[in-house]
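Here the structure is laid out as structure tokens; the discussion comes afterwards.
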Amino acid sequence: GFDYGDGGSPGVPPSSSSPTTPSSSPDDSHIYTRATALIFVVDAQDEPYDHVLQNFTETVSRAIAANPSVAIEVFINKVDGELFLSDEAKYDCRRDIMQQVADELHDAGLPDVPIAYHLTSIYDHSIFEAFSRVVQKLIPQLPTLENLLNVLVSTCNMEKAYLFDVASKLYISTDSSPVDLQSVELCSDMIDVVLDVSGIYGLGRGGGGPGEDVDEEGEDSAYDAQSSSVIRLSNGMVLYLKEVDTMLALVCLTHSENFHKKSLINYNINCLKKALKMLVVSPNQETHHSQLPGE
């Protein structure tokens, strides 16, 4: 559901029409009508941005003409190195691009197009954070997921809880407390540790025992229904990972003194798992937000 652009916008046919009179070719319609989000990548170190942003405006014009509901996301990439040693330099770059985009879209007759901007770099976790936020916008059940995690965090006295896609290490939901990028990195690194260790020591068990899930081919998987892990940090915090669905992991951050009743935490997590399955089976039904017992 994504379409990427990087200066020349690979995969997007060039437009011969003026930005003020956008027209969608059949190829454009085929691309954009099926897309749920359009991600345009701008090289922050490739100034000036005039040509790139003009191309972006033409792309947005064609996308909106073909699919008015498509989400527009701009990744301001490569905000690293000597040019962006301070946060102020990054914010200045984003502000300049936002202003130029606003001017270009106004001239094109599209002043009210909602656009989200993300500062990204491949040398830290910001690219995963940006993709996570894009994916979350595309999940209709996101408010319900957030509410379920809020109940879990409150019931178990946790600091933070994330639902991670294990394959991509993007978090599809979290509770309503502020997101700390460092904690997201810790959770992502924990998933890597679990998969690496399970791949070495956890295979050859027939998929985790009788009745447990295995790969579609019947082979063992490094991540299955029994996957879980506890990592105790030097600052007194505990990271707890628990499988909640196929390739979906709950990763929690809590104080060590609140982790003594692990069985009660597991019981509440099982209640969360049941609520998630109900949400997937009946997405159009009103979810009762499953009050987690055990307070």
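By convention in this document, the chains of the structure tokens carry letters A, B, ... by their order, each chain's residues are numbered from 1, and ligands are numbered from 1 in the order they are shown.
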*Identify, on the basis of only C-alpha atoms, every residue whose closest approach to segment 134-136 of chain A does not exceed 12 Å; exclude the query and any residue fewer than 2 positions from it along the same chain; express the result as a ChimeraX atom specification.*
/A:1-2,36-39,70-75,115-118,127-132,138-143,145-146,163-165,168-174
Any chance you can output those residues with N, CA, C and O atoms as a compact mmCIF listing (two decimals), in the first residue's frame?
```txt
# COMPACT_ATOMS: atom_id res chain seq x y z
N GLY A 1 0.79 -1.21 0.00
CA GLY A 1 0.00 0.00 0.00
C GLY A 1 0.82 1.25 0.00
O GLY A 1 0.29 2.33 0.21
N PHE A 2 2.15 1.16 -0.20
CA PHE A 2 3.01 2.34 -0.15
C PHE A 2 3.55 2.64 -1.53
O PHE A 2 3.78 1.76 -2.34
N THR A 36 -2.59 3.01 -0.01
CA THR A 36 -3.14 3.59 1.22
C THR A 36 -2.26 4.70 1.77
O THR A 36 -2.73 5.55 2.52
N ALA A 37 -0.99 4.69 1.40
CA ALA A 37 -0.08 5.75 1.83
C ALA A 37 0.97 5.99 0.76
O ALA A 37 1.41 5.05 0.09
N LEU A 38 1.34 7.23 0.60
CA LEU A 38 2.40 7.61 -0.32
C LEU A 38 3.54 8.21 0.49
O LEU A 38 3.34 9.19 1.21
N ILE A 39 4.70 7.60 0.40
CA ILE A 39 5.87 8.06 1.15
C ILE A 39 6.87 8.66 0.18
O ILE A 39 7.34 7.98 -0.74
N VAL A 70 -5.68 9.00 0.08
CA VAL A 70 -4.33 8.48 0.31
C VAL A 70 -3.60 9.36 1.33
O VAL A 70 -3.72 10.59 1.33
N ALA A 71 -2.87 8.71 2.24
CA ALA A 71 -2.09 9.44 3.25
C ALA A 71 -0.75 9.85 2.66
O ALA A 71 -0.05 9.03 2.06
N ILE A 72 -0.39 11.12 2.83
CA ILE A 72 0.86 11.65 2.29
C ILE A 72 1.87 11.77 3.41
O ILE A 72 1.62 12.46 4.42
N GLU A 73 3.01 11.12 3.26
CA GLU A 73 4.06 11.15 4.27
C GLU A 73 5.37 11.58 3.61
O GLU A 73 5.71 11.12 2.52
N VAL A 74 6.11 12.45 4.29
CA VAL A 74 7.41 12.90 3.79
C VAL A 74 8.48 12.46 4.78
O VAL A 74 8.44 12.83 5.95
N PHE A 75 9.43 11.66 4.31
CA PHE A 75 10.58 11.27 5.11
C PHE A 75 11.75 12.18 4.73
O PHE A 75 12.25 12.12 3.61
N ILE A 115 -0.24 16.62 5.34
CA ILE A 115 1.04 15.95 5.10
C ILE A 115 1.76 15.79 6.44
O ILE A 115 1.82 16.73 7.24
N ALA A 116 2.30 14.60 6.68
CA ALA A 116 3.09 14.35 7.89
C ALA A 116 4.56 14.31 7.52
O ALA A 116 4.94 13.73 6.49
N TYR A 117 5.39 14.91 8.36
CA TYR A 117 6.83 14.98 8.11
C TYR A 117 7.58 14.20 9.19
O TYR A 117 7.25 14.29 10.37
N HIS A 118 8.61 13.45 8.75
CA HIS A 118 9.39 12.63 9.67
C HIS A 118 10.87 12.84 9.40
O HIS A 118 11.31 12.77 8.24
N ILE A 127 14.09 5.71 11.51
CA ILE A 127 13.41 5.22 10.32
C ILE A 127 12.33 4.22 10.70
O ILE A 127 11.23 4.20 10.12
N PHE A 128 12.60 3.38 11.72
CA PHE A 128 11.59 2.43 12.20
C PHE A 128 10.45 3.17 12.89
O PHE A 128 9.28 2.78 12.76
N GLU A 129 10.79 4.21 13.63
CA GLU A 129 9.77 5.00 14.30
C GLU A 129 8.84 5.65 13.28
O GLU A 129 7.61 5.66 13.43
N ALA A 130 9.42 6.18 12.20
CA ALA A 130 8.61 6.83 11.17
C ALA A 130 7.69 5.83 10.48
O ALA A 130 6.49 6.09 10.30
N PHE A 131 8.22 4.68 10.11
CA PHE A 131 7.39 3.66 9.47
C PHE A 131 6.31 3.16 10.42
O PHE A 131 5.18 2.87 9.99
N SER A 132 6.63 3.05 11.70
CA SER A 132 5.64 2.61 12.68
C SER A 132 4.46 3.57 12.72
O SER A 132 3.30 3.16 12.75
N LEU A 138 -2.88 3.48 9.36
CA LEU A 138 -3.61 2.64 8.42
C LEU A 138 -4.39 1.53 9.12
O LEU A 138 -5.02 0.71 8.45
N ILE A 139 -4.35 1.50 10.46
CA ILE A 139 -5.03 0.45 11.22
C ILE A 139 -6.33 1.02 11.77
O ILE A 139 -6.32 1.87 12.67
N PRO A 140 -7.48 0.58 11.29
CA PRO A 140 -8.76 1.13 11.75
C PRO A 140 -9.01 0.86 13.24
O PRO A 140 -9.67 1.65 13.91
N GLN A 141 -8.48 -0.26 13.75
CA GLN A 141 -8.73 -0.63 15.14
C GLN A 141 -7.72 -0.03 16.11
O GLN A 141 -7.66 -0.44 17.28
N LEU A 142 -6.92 0.96 15.66
CA LEU A 142 -5.87 1.51 16.51
C LEU A 142 -6.39 2.05 17.84
O LEU A 142 -5.79 1.78 18.89
N PRO A 143 -7.49 2.81 17.89
CA PRO A 143 -7.99 3.29 19.20
C PRO A 143 -8.32 2.15 20.16
O PRO A 143 -8.06 2.26 21.37
N LEU A 145 -6.93 -0.89 20.14
CA LEU A 145 -5.66 -1.47 20.56
C LEU A 145 -5.02 -0.62 21.65
O LEU A 145 -4.50 -1.14 22.65
N GLU A 146 -5.04 0.69 21.46
CA GLU A 146 -4.46 1.59 22.45
C GLU A 146 -5.19 1.48 23.79
O GLU A 146 -4.56 1.46 24.85
N LEU A 163 3.00 -3.28 20.99
CA LEU A 163 2.71 -4.43 20.15
C LEU A 163 3.61 -4.34 18.93
O LEU A 163 3.48 -3.40 18.13
N PHE A 164 4.53 -5.29 18.80
CA PHE A 164 5.51 -5.27 17.71
C PHE A 164 5.21 -6.33 16.67
O PHE A 164 4.83 -7.46 17.01
N ASP A 165 5.38 -5.94 15.40
CA ASP A 165 5.45 -6.93 14.34
C ASP A 165 6.87 -7.49 14.35
O ASP A 165 7.84 -6.76 14.15
N SER A 168 9.21 -7.16 10.94
CA SER A 168 9.70 -5.84 10.54
C SER A 168 10.23 -5.02 11.71
O SER A 168 10.89 -4.00 11.50
N LYS A 169 9.90 -5.43 12.93
CA LYS A 169 10.23 -4.69 14.16
C LYS A 169 9.62 -3.29 14.17
O LYS A 169 10.20 -2.35 14.72
N LEU A 170 8.45 -3.16 13.57
CA LEU A 170 7.66 -1.95 13.67
C LEU A 170 6.62 -2.17 14.76
O LEU A 170 6.02 -3.25 14.84
N TYR A 171 6.39 -1.16 15.60
CA TYR A 171 5.34 -1.33 16.60
C TYR A 171 4.04 -0.78 16.03
O TYR A 171 3.96 0.35 15.56
N ILE A 172 3.01 -1.62 16.04
CA ILE A 172 1.74 -1.26 15.42
C ILE A 172 0.83 -0.54 16.40
O ILE A 172 -0.16 0.07 15.99
N SER A 173 1.15 -0.60 17.69
CA SER A 173 0.34 0.11 18.68
C SER A 173 1.12 0.21 19.98
O SER A 173 2.02 -0.59 20.25
N THR A 174 0.74 1.18 20.79
CA THR A 174 1.30 1.34 22.13
C THR A 174 0.25 2.02 22.99
O THR A 174 -0.79 2.46 22.49
```
_I want to know what sits within 12 Å of Tyr162 of chain A, based on only C-alpha atoms, with residues of the same chain fewer than 4 positions away left out; could you give that as an MDAnalysis selection string?_
chainID A and resid 132 145:146 148:150 152:153 158 166 169:180 183:188 191 239:244 248:254
Could those residues be written to a file, using C-alpha atoms, as a PDB file, in the first residue's frame?
```
ATOM      1  CA  SER A 132       5.643   2.612  12.680  1.00  0.00           C
ATOM      2  CA  LEU A 145      -5.662  -1.472  20.559  1.00  0.00           C
ATOM      3  CA  GLU A 146      -4.464   1.593  22.452  1.00  0.00           C
ATOM      4  CA  LEU A 148      -6.487  -2.439  25.551  1.00  0.00           C
ATOM      5  CA  LEU A 149      -2.835  -1.615  26.187  1.00  0.00           C
ATOM      6  CA  ASN A 150      -3.845   1.226  28.516  1.00  0.00           C
ATOM      7  CA  LEU A 152      -2.967  -3.706  30.680  1.00  0.00           C
ATOM      8  CA  VAL A 153      -0.444  -1.046  31.710  1.00  0.00           C
ATOM      9  CA  MET A 158       3.786  -1.123  33.821  1.00  0.00           C
ATOM     10  CA  VAL A 166       8.308  -9.386  14.830  1.00  0.00           C
ATOM     11  CA  LYS A 169      10.233  -4.693  14.162  1.00  0.00           C
ATOM     12  CA  LEU A 170       7.656  -1.947  13.673  1.00  0.00           C
ATOM     13  CA  TYR A 171       5.340  -1.329  16.596  1.00  0.00           C
ATOM     14  CA  ILE A 172       1.741  -1.259  15.423  1.00  0.00           C
ATOM     15  CA  SER A 173       0.338   0.108  18.676  1.00  0.00           C
ATOM     16  CA  THR A 174       1.298   1.336  22.128  1.00  0.00           C
ATOM     17  CA  ASP A 175      -0.436   2.785  25.165  1.00  0.00           C
ATOM     18  CA  SER A 176      -1.282   6.471  25.400  1.00  0.00           C
ATOM     19  CA  SER A 177       1.745   7.511  27.472  1.00  0.00           C
ATOM     20  CA  PRO A 178       4.520   9.396  25.603  1.00  0.00           C
ATOM     21  CA  VAL A 179       6.797   7.294  23.404  1.00  0.00           C
ATOM     22  CA  ASP A 180      10.474   7.265  24.341  1.00  0.00           C
ATOM     23  CA  SER A 183      12.718   2.386  24.947  1.00  0.00           C
ATOM     24  CA  VAL A 184      11.566   1.531  21.423  1.00  0.00           C
ATOM     25  CA  GLU A 185      15.172   0.749  20.486  1.00  0.00           C
ATOM     26  CA  LEU A 186      15.530  -1.478  23.554  1.00  0.00           C
ATOM     27  CA  CYS A 187      12.365  -3.383  22.656  1.00  0.00           C
ATOM     28  CA  SER A 188      13.500  -3.795  19.055  1.00  0.00           C
ATOM     29  CA  ILE A 191      13.259  -8.997  19.612  1.00  0.00           C
ATOM     30  CA  LEU A 239      11.874  -5.812  29.681  1.00  0.00           C
ATOM     31  CA  TYR A 240       9.296  -8.578  29.198  1.00  0.00           C
ATOM     32  CA  LEU A 241       8.469 -10.065  25.794  1.00  0.00           C
ATOM     33  CA  LYS A 242       5.518 -12.371  25.290  1.00  0.00           C
ATOM     34  CA  GLU A 243       4.023 -13.867  22.128  1.00  0.00           C
ATOM     35  CA  VAL A 244       0.417 -12.749  21.596  1.00  0.00           C
ATOM     36  CA  LEU A 248       3.074 -10.393  16.911  1.00  0.00           C
ATOM     37  CA  ALA A 249       4.833  -9.722  20.218  1.00  0.00           C
ATOM     38  CA  LEU A 250       3.909  -7.752  23.305  1.00  0.00           C
ATOM     39  CA  VAL A 251       6.963  -6.040  24.786  1.00  0.00           C
ATOM     40  CA  CYS A 252       6.524  -4.399  28.186  1.00  0.00           C
ATOM     41  CA  LEU A 253       8.737  -2.143  30.253  1.00  0.00           C
ATOM     42  CA  THR A 254       8.177  -2.221  34.012  1.00  0.00           C
TER      43      THR A 254
END
```
*Which neighbours of Ala44 of chain A fall inside 12 Å, counting only C-alpha atoms, when residues of the same chain fewer than 2 positions from it are skipped, and could you give them as an NGL selection string?*
:A and (6-7 or 41-42 or 46-49 or 52-53 or 74-81 or 83-84 or 89-97 or 118-121)
*Tell me, which residues of segment 53-251 of chain A carry DSSP strand (DSSP E or B), written as JSON, numbers by chain?*
{"A": [71, 72, 73, 74, 75, 76, 77, 115, 116, 117, 118, 119, 160, 161, 162, 163, 164, 165, 170, 171, 172, 173, 174, 228, 229, 230, 231, 232, 237, 238, 239, 240, 241, 242, 243, 244, 245, 248, 249, 250, 251]}
